[in-house]
>>> print(open('coords23.cif').read())   # mmCIF, C-alpha atoms; chains and numbers go by the auth columns
data_entry
loop_
_atom_site.group_PDB
_atom_site.id
_atom_site.type_symbol
_atom_site.label_atom_id
_atom_site.label_comp_id
_atom_site.label_asym_id
_atom_site.label_seq_id
_atom_site.Cartn_x
_atom_site.Cartn_y
_atom_site.Cartn_z
_atom_site.B_iso_or_equiv
_atom_site.auth_seq_id
_atom_site.auth_asym_id
ATOM 1 C CA MET A 1 2.286 -13.858 6.374 0.00 284 D
ATOM 2 C CA VAL A 2 2.455 -13.580 10.183 0.00 285 D
ATOM 3 C CA VAL A 3 3.070 -10.290 12.004 0.00 286 D
ATOM 4 C CA ALA A 4 3.278 -10.262 15.820 0.00 287 D
ATOM 5 C CA GLY A 5 1.361 -13.541 15.983 0.00 288 D
ATOM 6 C CA VAL A 6 -1.417 -12.378 13.647 0.00 289 D
ATOM 7 C CA SER A 7 -2.013 -14.352 10.442 0.00 290 D
ATOM 8 C CA LEU A 8 -2.607 -12.128 7.434 0.00 291 D
ATOM 9 C CA VAL A 9 -3.293 -12.902 3.790 0.00 292 D
ATOM 10 C CA ALA A 10 -0.804 -11.102 1.559 0.00 293 D
ATOM 11 C CA ASP A 11 -2.834 -10.524 -1.584 0.00 294 D
ATOM 12 C CA LEU A 12 -1.161 -10.589 -4.986 0.00 295 D
ATOM 13 C CA SER A 13 -2.531 -7.073 -5.573 0.00 296 D
ATOM 14 C CA GLY A 14 -0.344 -5.692 -2.781 0.00 297 D
ATOM 15 C CA ALA A 15 -3.125 -5.530 -0.180 0.00 298 D
ATOM 16 C CA LEU A 16 -3.262 -7.308 3.177 0.00 299 D
ATOM 17 C CA PHE A 17 -6.382 -9.045 4.488 0.00 300 D
ATOM 18 C CA TRP A 18 -6.913 -9.838 8.171 0.00 301 D
ATOM 19 C CA GLU A 19 -9.721 -12.372 7.983 0.00 302 D
ATOM 20 C CA GLU A 20 -10.472 -12.473 11.717 0.00 303 D
ATOM 21 C CA GLN A 21 -11.130 -8.725 11.674 0.00 304 D
ATOM 22 C CA SER A 22 -12.598 -8.662 8.132 0.00 305 D
ATOM 23 C CA LEU A 23 -10.058 -5.902 7.507 0.00 306 D
ATOM 24 C CA LEU A 24 -8.397 -4.986 4.225 0.00 307 D
ATOM 25 C CA VAL A 25 -5.283 -2.789 4.262 0.00 308 D
ATOM 26 C CA VAL A 26 -3.753 -0.962 1.300 0.00 309 D
ATOM 27 C CA SER A 27 -0.934 1.550 1.239 0.00 310 D
ATOM 28 C CA ASP A 28 0.298 4.450 -0.864 0.00 311 D
ATOM 29 C CA LEU A 29 -2.435 4.710 -3.488 0.00 312 D
ATOM 30 C CA HIS A 30 -0.982 8.043 -4.690 0.00 313 D
ATOM 31 C CA LEU A 31 -4.214 8.941 -6.470 0.00 314 D
ATOM 32 C CA GLU A 32 -3.918 11.748 -9.042 0.00 315 D
ATOM 33 C CA LYS A 33 -0.153 11.449 -9.332 0.00 316 D
ATOM 34 C CA GLY A 34 -0.498 11.766 -13.100 0.00 317 D
ATOM 35 C CA SER A 35 -2.415 15.038 -12.896 0.00 318 D
ATOM 36 C CA GLY A 36 0.039 16.339 -10.313 0.00 319 D
ATOM 37 C CA PHE A 37 2.943 15.722 -12.671 0.00 320 D
ATOM 38 C CA ALA A 38 1.014 17.309 -15.553 0.00 321 D
ATOM 39 C CA MET A 39 0.671 20.525 -13.516 0.00 322 D
ATOM 40 C CA ARG A 40 4.486 20.656 -13.448 0.00 323 D
ATOM 41 C CA GLY A 41 4.823 20.031 -17.159 0.00 324 D
ATOM 42 C CA VAL A 42 5.660 16.313 -16.897 0.00 325 D
ATOM 43 C CA LEU A 43 3.117 14.615 -19.098 0.00 326 D
ATOM 44 C CA LEU A 44 2.038 11.106 -18.109 0.00 327 D
ATOM 45 C CA PRO A 45 -1.048 9.224 -19.323 0.00 328 D
ATOM 46 C CA PRO A 46 -3.814 10.494 -16.996 0.00 329 D
ATOM 47 C CA PHE A 47 -5.203 7.084 -16.151 0.00 330 D
ATOM 48 C CA ASP A 48 -3.483 6.210 -12.866 0.00 331 D
ATOM 49 C CA THR A 49 -6.469 6.965 -10.622 0.00 332 D
ATOM 50 C CA VAL A 50 -8.832 4.891 -12.756 0.00 333 D
ATOM 51 C CA ALA A 51 -6.349 2.001 -12.811 0.00 334 D
ATOM 52 C CA THR A 52 -5.677 2.149 -9.064 0.00 335 D
ATOM 53 C CA LEU A 53 -9.363 2.345 -8.113 0.00 336 D
ATOM 54 C CA GLY A 54 -10.102 -0.515 -10.505 0.00 337 D
ATOM 55 C CA ARG A 55 -7.523 -2.725 -8.793 0.00 338 D
ATOM 56 C CA LEU A 56 -8.841 -1.661 -5.406 0.00 339 D
ATOM 57 C CA ALA A 57 -12.395 -2.548 -6.457 0.00 340 D
ATOM 58 C CA ALA A 58 -11.205 -5.997 -7.540 0.00 341 D
ATOM 59 C CA VAL A 59 -9.480 -6.813 -4.248 0.00 342 D
ATOM 60 C CA ILE A 60 -12.448 -5.489 -2.241 0.00 343 D
ATOM 61 C CA ALA A 61 -14.778 -7.695 -4.285 0.00 344 D
ATOM 62 C CA ARG A 62 -12.465 -10.651 -3.638 0.00 345 D
ATOM 63 C CA HIS A 63 -12.401 -10.299 0.165 0.00 346 D
ATOM 64 C CA ASP A 64 -15.572 -8.267 0.903 0.00 347 D
ATOM 65 C CA PRO A 65 -14.097 -6.613 4.033 0.00 348 D
ATOM 66 C CA ARG A 66 -16.143 -4.842 6.699 0.00 349 D
ATOM 67 C CA ARG A 67 -13.280 -2.376 7.226 0.00 350 D
ATOM 68 C CA VAL A 68 -10.669 -0.825 4.985 0.00 351 D
ATOM 69 C CA ILE A 69 -7.558 1.030 6.121 0.00 352 D
ATOM 70 C CA ALA A 70 -5.612 3.112 3.606 0.00 353 D
ATOM 71 C CA LEU A 71 -2.126 3.536 5.116 0.00 354 D
ATOM 72 C CA GLY A 72 -1.350 7.084 4.056 0.00 355 D
ATOM 73 C CA ASP A 73 -0.284 8.844 0.859 0.00 356 D
ATOM 74 C CA SER A 74 -3.632 7.834 -0.581 0.00 357 D
ATOM 75 C CA PHE A 75 -3.423 11.089 -2.565 0.00 358 D
ATOM 76 C CA HIS A 76 -0.264 12.238 -4.261 0.00 359 D
ATOM 77 C CA ASP A 77 -0.360 15.812 -2.939 0.00 360 D
ATOM 78 C CA ARG A 78 -2.374 18.127 -0.720 0.00 361 D
ATOM 79 C CA ARG A 79 -4.797 19.164 -3.507 0.00 362 D
ATOM 80 C CA ALA A 80 -5.031 15.838 -5.334 0.00 363 D
ATOM 81 C CA HIS A 81 -8.472 15.055 -3.899 0.00 364 D
ATOM 82 C CA ASP A 82 -9.774 18.242 -5.540 0.00 365 D
ATOM 83 C CA ARG A 83 -8.680 16.893 -8.930 0.00 366 D
ATOM 84 C CA LEU A 84 -10.687 13.673 -8.694 0.00 367 D
ATOM 85 C CA SER A 85 -13.200 13.439 -11.519 0.00 368 D
ATOM 86 C CA ALA A 86 -16.885 13.030 -10.729 0.00 369 D
ATOM 87 C CA ALA A 87 -16.698 9.437 -11.969 0.00 370 D
ATOM 88 C CA ASP A 88 -13.724 8.645 -9.724 0.00 371 D
ATOM 89 C CA ARG A 89 -15.463 10.199 -6.715 0.00 372 D
ATOM 90 C CA GLU A 90 -18.503 8.053 -7.417 0.00 373 D
ATOM 91 C CA ALA A 91 -16.332 4.951 -7.759 0.00 374 D
ATOM 92 C CA LEU A 92 -14.627 5.684 -4.440 0.00 375 D
ATOM 93 C CA SER A 93 -17.971 6.306 -2.731 0.00 376 D
ATOM 94 C CA SER A 94 -19.223 2.974 -4.035 0.00 377 D
ATOM 95 C CA LEU A 95 -16.208 1.176 -2.571 0.00 378 D
ATOM 96 C CA GLN A 96 -16.848 2.790 0.813 0.00 379 D
ATOM 97 C CA ALA A 97 -20.539 1.874 0.937 0.00 380 D
ATOM 98 C CA ARG A 98 -21.459 -0.362 3.898 0.00 381 D
ATOM 99 C CA ARG A 99 -17.854 -0.396 5.120 0.00 382 D
ATOM 100 C CA ASP A 100 -15.896 1.354 7.835 0.00 383 D
ATOM 101 C CA TRP A 101 -13.192 3.265 5.982 0.00 384 D
ATOM 102 C CA ILE A 102 -10.131 4.774 7.655 0.00 385 D
ATOM 103 C CA TRP A 103 -7.714 7.124 5.924 0.00 386 D
ATOM 104 C CA ILE A 104 -4.327 7.208 7.679 0.00 387 D
ATOM 105 C CA SER A 105 -2.689 10.575 7.035 0.00 388 D
ATOM 106 C CA GLY A 106 0.628 10.463 5.195 0.00 389 D
ATOM 107 C CA ASN A 107 3.414 12.872 4.349 0.00 390 D
ATOM 108 C CA HIS A 108 1.870 13.570 0.923 0.00 391 D
ATOM 109 C CA ASP A 109 -1.658 14.000 2.280 0.00 392 D
ATOM 110 C CA PRO A 110 -1.407 15.198 5.890 0.00 393 D
ATOM 111 C CA ALA A 111 -4.847 16.867 5.863 0.00 394 D
ATOM 112 C CA LEU A 112 -7.763 15.147 4.160 0.00 395 D
ATOM 113 C CA PRO A 113 -11.246 16.680 3.799 0.00 396 D
ATOM 114 C CA SER A 114 -14.285 15.174 5.492 0.00 397 D
ATOM 115 C CA ASP A 115 -16.258 14.968 2.246 0.00 398 D
ATOM 116 C CA LEU A 116 -14.153 12.021 1.060 0.00 399 D
ATOM 117 C CA GLY A 117 -16.114 9.704 3.337 0.00 400 D
ATOM 118 C CA GLY A 118 -14.721 7.581 6.130 0.00 401 D
ATOM 119 C CA VAL A 119 -12.610 8.930 8.974 0.00 402 D
ATOM 120 C CA VAL A 120 -9.061 10.258 9.135 0.00 403 D
ATOM 121 C CA ALA A 121 -6.526 9.142 11.758 0.00 404 D
ATOM 122 C CA ALA A 122 -2.791 9.439 12.391 0.00 405 D
ATOM 123 C CA GLU A 123 -2.626 5.727 13.217 0.00 406 D
ATOM 124 C CA VAL A 124 -4.887 2.878 14.309 0.00 407 D
ATOM 125 C CA ALA A 125 -4.239 0.052 16.788 0.00 408 D
ATOM 126 C CA ILE A 126 -6.200 -3.193 16.545 0.00 409 D
ATOM 127 C CA GLY A 127 -5.152 -5.935 18.928 0.00 410 D
ATOM 128 C CA PRO A 128 -1.359 -6.290 18.786 0.00 411 D
ATOM 129 C CA ILE A 129 -1.072 -4.472 15.459 0.00 412 D
ATOM 130 C CA ALA A 130 -0.447 -0.733 14.964 0.00 413 D
ATOM 131 C CA PHE A 131 -1.208 0.619 11.503 0.00 414 D
ATOM 132 C CA ARG A 132 0.660 3.800 10.544 0.00 415 D
ATOM 133 C CA HIS A 133 2.131 5.442 7.473 0.00 416 D
ATOM 134 C CA GLU A 134 5.825 5.814 8.285 0.00 417 D
ATOM 135 C CA PRO A 135 7.546 2.783 9.824 0.00 418 D
ATOM 136 C CA SER A 136 9.324 3.223 13.135 0.00 419 D
ATOM 137 C CA GLY A 137 10.585 -0.330 13.556 0.00 420 D
ATOM 138 C CA ALA A 138 8.298 -1.035 16.519 0.00 421 D
ATOM 139 C CA SER A 139 7.126 -4.590 17.098 0.00 422 D
ATOM 140 C CA GLY A 140 3.597 -5.199 15.860 0.00 423 D
ATOM 141 C CA GLU A 141 3.772 -2.416 13.287 0.00 424 D
ATOM 142 C CA ILE A 142 2.388 -2.483 9.758 0.00 425 D
ATOM 143 C CA ALA A 143 3.374 0.573 7.748 0.00 426 D
ATOM 144 C CA GLY A 144 3.867 1.838 4.217 0.00 427 D
ATOM 145 C CA HIS A 145 5.716 4.937 2.964 0.00 428 D
ATOM 146 C CA LEU A 146 8.866 3.233 1.627 0.00 429 D
ATOM 147 C CA HIS A 147 7.355 1.508 -1.445 0.00 430 D
ATOM 148 C CA PRO A 148 9.541 -1.622 -1.108 0.00 431 D
ATOM 149 C CA LYS A 149 10.715 -3.432 -4.214 0.00 432 D
ATOM 150 C CA ALA A 150 13.082 -6.358 -4.676 0.00 433 D
ATOM 151 C CA ARG A 151 15.374 -7.310 -7.525 0.00 434 D
ATOM 152 C CA VAL A 152 16.088 -11.010 -7.921 0.00 435 D
ATOM 153 C CA SER A 153 17.741 -13.218 -10.514 0.00 436 D
ATOM 154 C CA THR A 154 15.638 -15.949 -12.074 0.00 437 D
ATOM 155 C CA ARG A 155 16.322 -18.138 -15.080 0.00 438 D
ATOM 156 C CA GLY A 156 19.328 -16.093 -16.035 0.00 439 D
ATOM 157 C CA ARG A 157 17.626 -12.712 -15.975 0.00 440 D
ATOM 158 C CA SER A 158 17.001 -9.946 -13.473 0.00 441 D
ATOM 159 C CA VAL A 159 13.450 -9.173 -12.345 0.00 442 D
ATOM 160 C CA GLN A 160 12.360 -6.252 -10.173 0.00 443 D
ATOM 161 C CA ARG A 161 8.970 -6.339 -8.441 0.00 444 D
ATOM 162 C CA ARG A 162 7.078 -4.700 -5.611 0.00 445 D
ATOM 163 C CA CYS A 163 7.024 -6.669 -2.376 0.00 446 D
ATOM 164 C CA PHE A 164 5.936 -6.886 1.221 0.00 447 D
ATOM 165 C CA VAL A 165 8.816 -7.031 3.694 0.00 448 D
ATOM 166 C CA SER A 166 8.532 -8.630 7.118 0.00 449 D
ATOM 167 C CA ASP A 167 10.560 -10.315 9.819 0.00 450 D
ATOM 168 C CA GLY A 168 7.514 -11.741 11.607 0.00 451 D
ATOM 169 C CA GLU A 169 7.334 -8.875 14.104 0.00 452 D
ATOM 170 C CA ARG A 170 6.767 -5.917 11.759 0.00 453 D
ATOM 171 C CA ALA A 171 5.976 -5.371 8.095 0.00 454 D
ATOM 172 C CA VAL A 172 6.215 -2.720 5.395 0.00 455 D
ATOM 173 C CA MET A 173 3.645 -2.872 2.606 0.00 456 D
ATOM 174 C CA PRO A 174 4.205 -2.279 -1.098 0.00 457 D
ATOM 175 C CA ALA A 175 2.738 0.782 -2.757 0.00 458 D
ATOM 176 C CA PHE A 176 -0.651 0.030 -4.297 0.00 459 D
ATOM 177 C CA GLY A 177 -0.822 3.009 -6.672 0.00 460 D
ATOM 178 C CA ALA A 178 -0.370 2.456 -10.390 0.00 461 D
ATOM 179 C CA TYR A 179 2.267 5.195 -10.713 0.00 462 D
ATOM 180 C CA ALA A 180 3.981 4.739 -7.353 0.00 463 D
ATOM 181 C CA GLY A 181 7.715 4.113 -7.575 0.00 464 D
ATOM 182 C CA GLY A 182 9.790 1.847 -5.371 0.00 465 D
ATOM 183 C CA LEU A 183 12.792 1.682 -3.046 0.00 466 D
ATOM 184 C CA SER A 184 15.125 -1.309 -3.002 0.00 467 D
ATOM 185 C CA ILE A 185 14.820 -3.392 0.140 0.00 468 D
ATOM 186 C CA ARG A 186 18.616 -3.352 0.323 0.00 469 D
ATOM 187 C CA ASP A 187 18.476 0.398 0.980 0.00 470 D
ATOM 188 C CA ALA A 188 19.691 1.551 4.390 0.00 471 D
ATOM 189 C CA ALA A 189 16.159 2.684 5.259 0.00 472 D
ATOM 190 C CA PHE A 190 15.105 -0.958 5.644 0.00 473 D
ATOM 191 C CA ALA A 191 18.178 -1.850 7.687 0.00 474 D
ATOM 192 C CA LYS A 192 17.123 0.832 10.180 0.00 475 D
ATOM 193 C CA ILE A 193 13.692 -0.775 10.555 0.00 476 D
ATOM 194 C CA PHE A 194 14.642 -4.447 10.621 0.00 477 D
ATOM 195 C CA GLY A 195 18.153 -4.202 12.054 0.00 478 D
ATOM 196 C CA THR A 196 19.585 -7.000 9.927 0.00 479 D
ATOM 197 C CA PRO A 197 19.029 -8.316 6.394 0.00 480 D
ATOM 198 C CA GLY A 198 17.387 -11.390 7.956 0.00 481 D
ATOM 199 C CA PHE A 199 13.899 -10.330 6.915 0.00 482 D
ATOM 200 C CA MET A 200 11.860 -11.731 4.061 0.00 483 D
ATOM 201 C CA ALA A 201 10.636 -10.176 0.842 0.00 484 D
ATOM 202 C CA HIS A 202 7.216 -11.441 -0.227 0.00 485 D
ATOM 203 C CA VAL A 203 7.542 -10.582 -3.897 0.00 486 D
ATOM 204 C CA LEU A 204 4.491 -9.985 -6.078 0.00 487 D
ATOM 205 C CA GLY A 205 4.812 -12.441 -8.955 0.00 488 D
ATOM 206 C CA ASP A 206 2.635 -12.953 -12.002 0.00 489 D
ATOM 207 C CA HIS A 207 0.502 -15.652 -10.385 0.00 490 D
ATOM 208 C CA ARG A 208 1.615 -15.916 -6.746 0.00 491 D
ATOM 209 C CA LEU A 209 3.813 -14.370 -4.088 0.00 492 D
ATOM 210 C CA HIS A 210 7.375 -15.579 -3.698 0.00 493 D
ATOM 211 C CA ALA A 211 8.990 -15.533 -0.232 0.00 494 D
ATOM 212 C CA ILE A 212 12.668 -14.700 -0.722 0.00 495 D
ATOM 213 C CA ALA A 213 15.280 -13.846 1.895 0.00 496 D
ATOM 214 C CA ALA A 214 16.281 -10.190 1.626 0.00 497 D
ATOM 215 C CA SER A 215 19.914 -11.273 1.559 0.00 498 D
ATOM 216 C CA ARG A 216 19.241 -12.971 -1.792 0.00 499 D
ATOM 217 C CA CYS A 217 17.889 -9.746 -3.307 0.00 500 D
ATOM 218 C CA TYR A 218 19.991 -6.930 -4.681 0.00 501 D
#
>>> encode(input="coords23.cif", output="structure tokens")
Amino acid sequence: MVVAGVSLVADLSGALFWEEQSLLVVSDLHLEKGSGFAMRGVLLPPFDTVATLGRLAAVIARHDPRRVIALGDSFHDRRAHDRLSAADREALSSLQARRDWIWISGNHDPALPSDLGGVVAAEVAIGPIAFRHEPSGASGEIAGHLHPKARVSTRGRSVQRRCFVSDGERAVMPAFGAYAGGLSIRDAAFAKIFGTPGFMAHVLGDHRLHAIAASRCY
């Protein structure tokens, strides 16, 4: 996938890897969403953080980046980091070891504590690319927040999957978190960012990504 002239590897996990910068980018981990729901009486299996960190460990092992950027909403709410188990904290610390780690603040986690490791920023610019949580539609932007998903017809049935969306100048990343929901790329929110439905959905398939015109999705 190319954004503002920069070639990026769109990983099947939902991460992006910028090889030239040895940079891995993930978005919307929503750690401890399960425990947050449980506090409100909505009982979900409390394994989302373990599952999400496990997938993150796998993609980090695959690319071995020097830097990692988490594009906001890494935690599901303002106190979610306090609910991390000791084992999950240790797992996260292990992933951060020997790497520069940047937490972009999101609307769910606008204030992150310093004891999580890494640094916190509102946004980060590297070369022609600006990394931020909420997309503005600016050229050269890679953002998250919207949790894009696409519904397509294949072999006589309908399939809905998470996806990257890009028009070559800007991109919105899929949510990485196990319990994160999704917003259809045909929603008006995406039209505001891309202007027309002439952007592409890079849909996460079972074994590879599928580049599909947004106009073919529904």
>>> residues_near_point(input="coords23.cif", point="(10.5, -2.9, 12.9)", cutoff="6 Å", atoms="only C-alpha atoms", output="PyMOL selection string")
chain D and resi 420-422+453+476-477
>>> write_last_selection(input="coords23.cif", atoms="C-alpha atoms", output="PDB file, keeping the file's coordinate frame")
ATOM      1  CA  GLY D 420      10.585  -0.330  13.556  1.00  0.00           C
ATOM      2  CA  ALA D 421       8.298  -1.035  16.519  1.00  0.00           C
ATOM      3  CA  SER D 422       7.126  -4.590  17.098  1.00  0.00           C
ATOM      4  CA  ARG D 453       6.767  -5.917  11.759  1.00  0.00           C
ATOM      5  CA  ILE D 476      13.692  -0.775  10.555  1.00  0.00           C
ATOM      6  CA  PHE D 477      14.642  -4.447  10.621  1.00  0.00           C
TER       7      PHE D 477
END
>>> atom_distance(input="coords23.cif", atom1="CA of Phe300 in chain D", atom2="CA of His346 in chain D")
7.5 Å
>>> resolve_selection(input="coords23.cif", expression="the PyMOL selection byres ((chain D and resi 338) around 12)", output="mmCIF file with C-alpha atoms, in the frame of the given file")
data_model
loop_
_atom_site.group_PDB
_atom_site.id
_atom_site.type_symbol
_atom_site.label_atom_id
_atom_site.label_comp_id
_atom_site.auth_asym_id
_atom_site.auth_seq_id
_atom_site.Cartn_x
_atom_site.Cartn_y
_atom_site.Cartn_z
ATOM 1 C CA ASP D 294 -2.834 -10.524 -1.584
ATOM 2 C CA LEU D 295 -1.161 -10.589 -4.986
ATOM 3 C CA SER D 296 -2.531 -7.073 -5.573
ATOM 4 C CA GLY D 297 -0.344 -5.692 -2.781
ATOM 5 C CA ALA D 298 -3.125 -5.530 -0.180
ATOM 6 C CA VAL D 309 -3.753 -0.962 1.300
ATOM 7 C CA LEU D 312 -2.435 4.710 -3.488
ATOM 8 C CA ASP D 331 -3.483 6.210 -12.866
ATOM 9 C CA THR D 332 -6.469 6.965 -10.622
ATOM 10 C CA VAL D 333 -8.832 4.891 -12.756
ATOM 11 C CA ALA D 334 -6.349 2.001 -12.811
ATOM 12 C CA THR D 335 -5.677 2.149 -9.064
ATOM 13 C CA LEU D 336 -9.363 2.345 -8.113
ATOM 14 C CA GLY D 337 -10.102 -0.515 -10.505
ATOM 15 C CA LEU D 339 -8.841 -1.661 -5.406
ATOM 16 C CA ALA D 340 -12.395 -2.548 -6.457
ATOM 17 C CA ALA D 341 -11.205 -5.997 -7.540
ATOM 18 C CA VAL D 342 -9.480 -6.813 -4.248
ATOM 19 C CA ILE D 343 -12.448 -5.489 -2.241
ATOM 20 C CA ALA D 344 -14.778 -7.695 -4.285
ATOM 21 C CA ARG D 345 -12.465 -10.651 -3.638
ATOM 22 C CA ALA D 374 -16.332 4.951 -7.759
ATOM 23 C CA LEU D 375 -14.627 5.684 -4.440
ATOM 24 C CA LEU D 378 -16.208 1.176 -2.571
ATOM 25 C CA PHE D 459 -0.651 0.030 -4.297
ATOM 26 C CA GLY D 460 -0.822 3.009 -6.672
ATOM 27 C CA ALA D 461 -0.370 2.456 -10.390
#
>>> closest_atom_pairs(input="coords23.cif", of="range 321-387 of chain D", to="range 392-403 of chain D", cutoff="6 Å", atoms="all atoms listed in the file", output="JSON lines")
{"residue": "D:Asp356", "atom": "CA", "partner": "D:Asp392", "partner_atom": "CA", "distance": 5.5}
{"residue": "D:Phe358", "atom": "CA", "partner": "D:Asp392", "partner_atom": "CA", "distance": 5.9}
{"residue": "D:Asp360", "atom": "CA", "partner": "D:Asp392", "partner_atom": "CA", "distance": 5.7}
{"residue": "D:Arg361", "atom": "CA", "partner": "D:Asp392", "partner_atom": "CA", "distance": 5.2}
{"residue": "D:Trp384", "atom": "CA", "partner": "D:Gly401", "partner_atom": "CA", "distance": 4.6}
{"residue": "D:Ile385", "atom": "CA", "partner": "D:Val402", "partner_atom": "CA", "distance": 5.0}
{"residue": "D:Trp386", "atom": "CA", "partner": "D:Val403", "partner_atom": "CA", "distance": 4.7}
{"residue": "D:Ile387", "atom": "CA", "partner": "D:Val403", "partner_atom": "CA", "distance": 5.8}
>>> closest_residue(input="coords23.cif", among="D:Met483, D:Val292, D:Ala408, D:Leu314", to="Tyr462 in chain D", atoms="all atoms listed in the file")
D:Leu314
>>> atom_distance(input="coords23.cif", atom1="CA of Lys316 in chain D", atom2="CA of His359 in chain D")
5.1 Å
>>> residues_around(input="coords23.cif", residues="range 438-444 of chain D", least_positions_apart="6", cutoff="9 Å", atoms="all atoms listed in the file", output="ChimeraX atom specification")
/D:431-432,465,486-488
>>> resolve_selection(input="coords23.cif", expression="the PyMOL selection byres ((chain D and resi 305) around 10)", output="PyMOL selection string")
chain D and resi 300-304+306-307+346-351
>>> residues_around(input="coords23.cif", residues="Ala426 in chain D", least_positions_apart="6", cutoff="6 Å", atoms="all atoms listed in the file", output="NGL selection string")
:D and (414-418 or 455)
>>> atom_distance(input="coords23.cif", atom1="CA of Ile412 in chain D", atom2="CA of Ala353 in chain D")
14.8 Å
>>> closest_residue(input="coords23.cif", among="D:Val289, D:Ala369, D:Leu354, D:Leu492", to="His428 in chain D", atoms="all atoms listed in the file")
D:Leu354
>>> residues_near_point(input="coords23.cif", point="(17.6, -7.5, 10.5)", cutoff="12 Å", atoms="all atoms listed in the file", output="PyMOL selection string")
chain D and resi 420+448-453+468-469+471-483+496-498
>>> closest_residue(input="coords23.cif", among="D:Asp365, D:Glu424, D:Asp371, D:Asp311", to="Pro411 in chain D", atoms="all atoms listed in the file")
D:Glu424
>>> residues_around(input="coords23.cif", residues="Phe447 in chain D", least_positions_apart="2", cutoff="6 Å", atoms="only C-alpha atoms", output="PDB file with C-alpha atoms, in the coordinates of the input")
ATOM      1  CA  VAL D 455       6.215  -2.720   5.395  1.00  0.00           C
ATOM      2  CA  MET D 456       3.645  -2.872   2.606  1.00  0.00           C
ATOM      3  CA  PRO D 457       4.205  -2.279  -1.098  1.00  0.00           C
ATOM      4  CA  ALA D 484      10.636 -10.176   0.842  1.00  0.00           C
ATOM      5  CA  HIS D 485       7.216 -11.441  -0.227  1.00  0.00           C
TER       6      HIS D 485
END
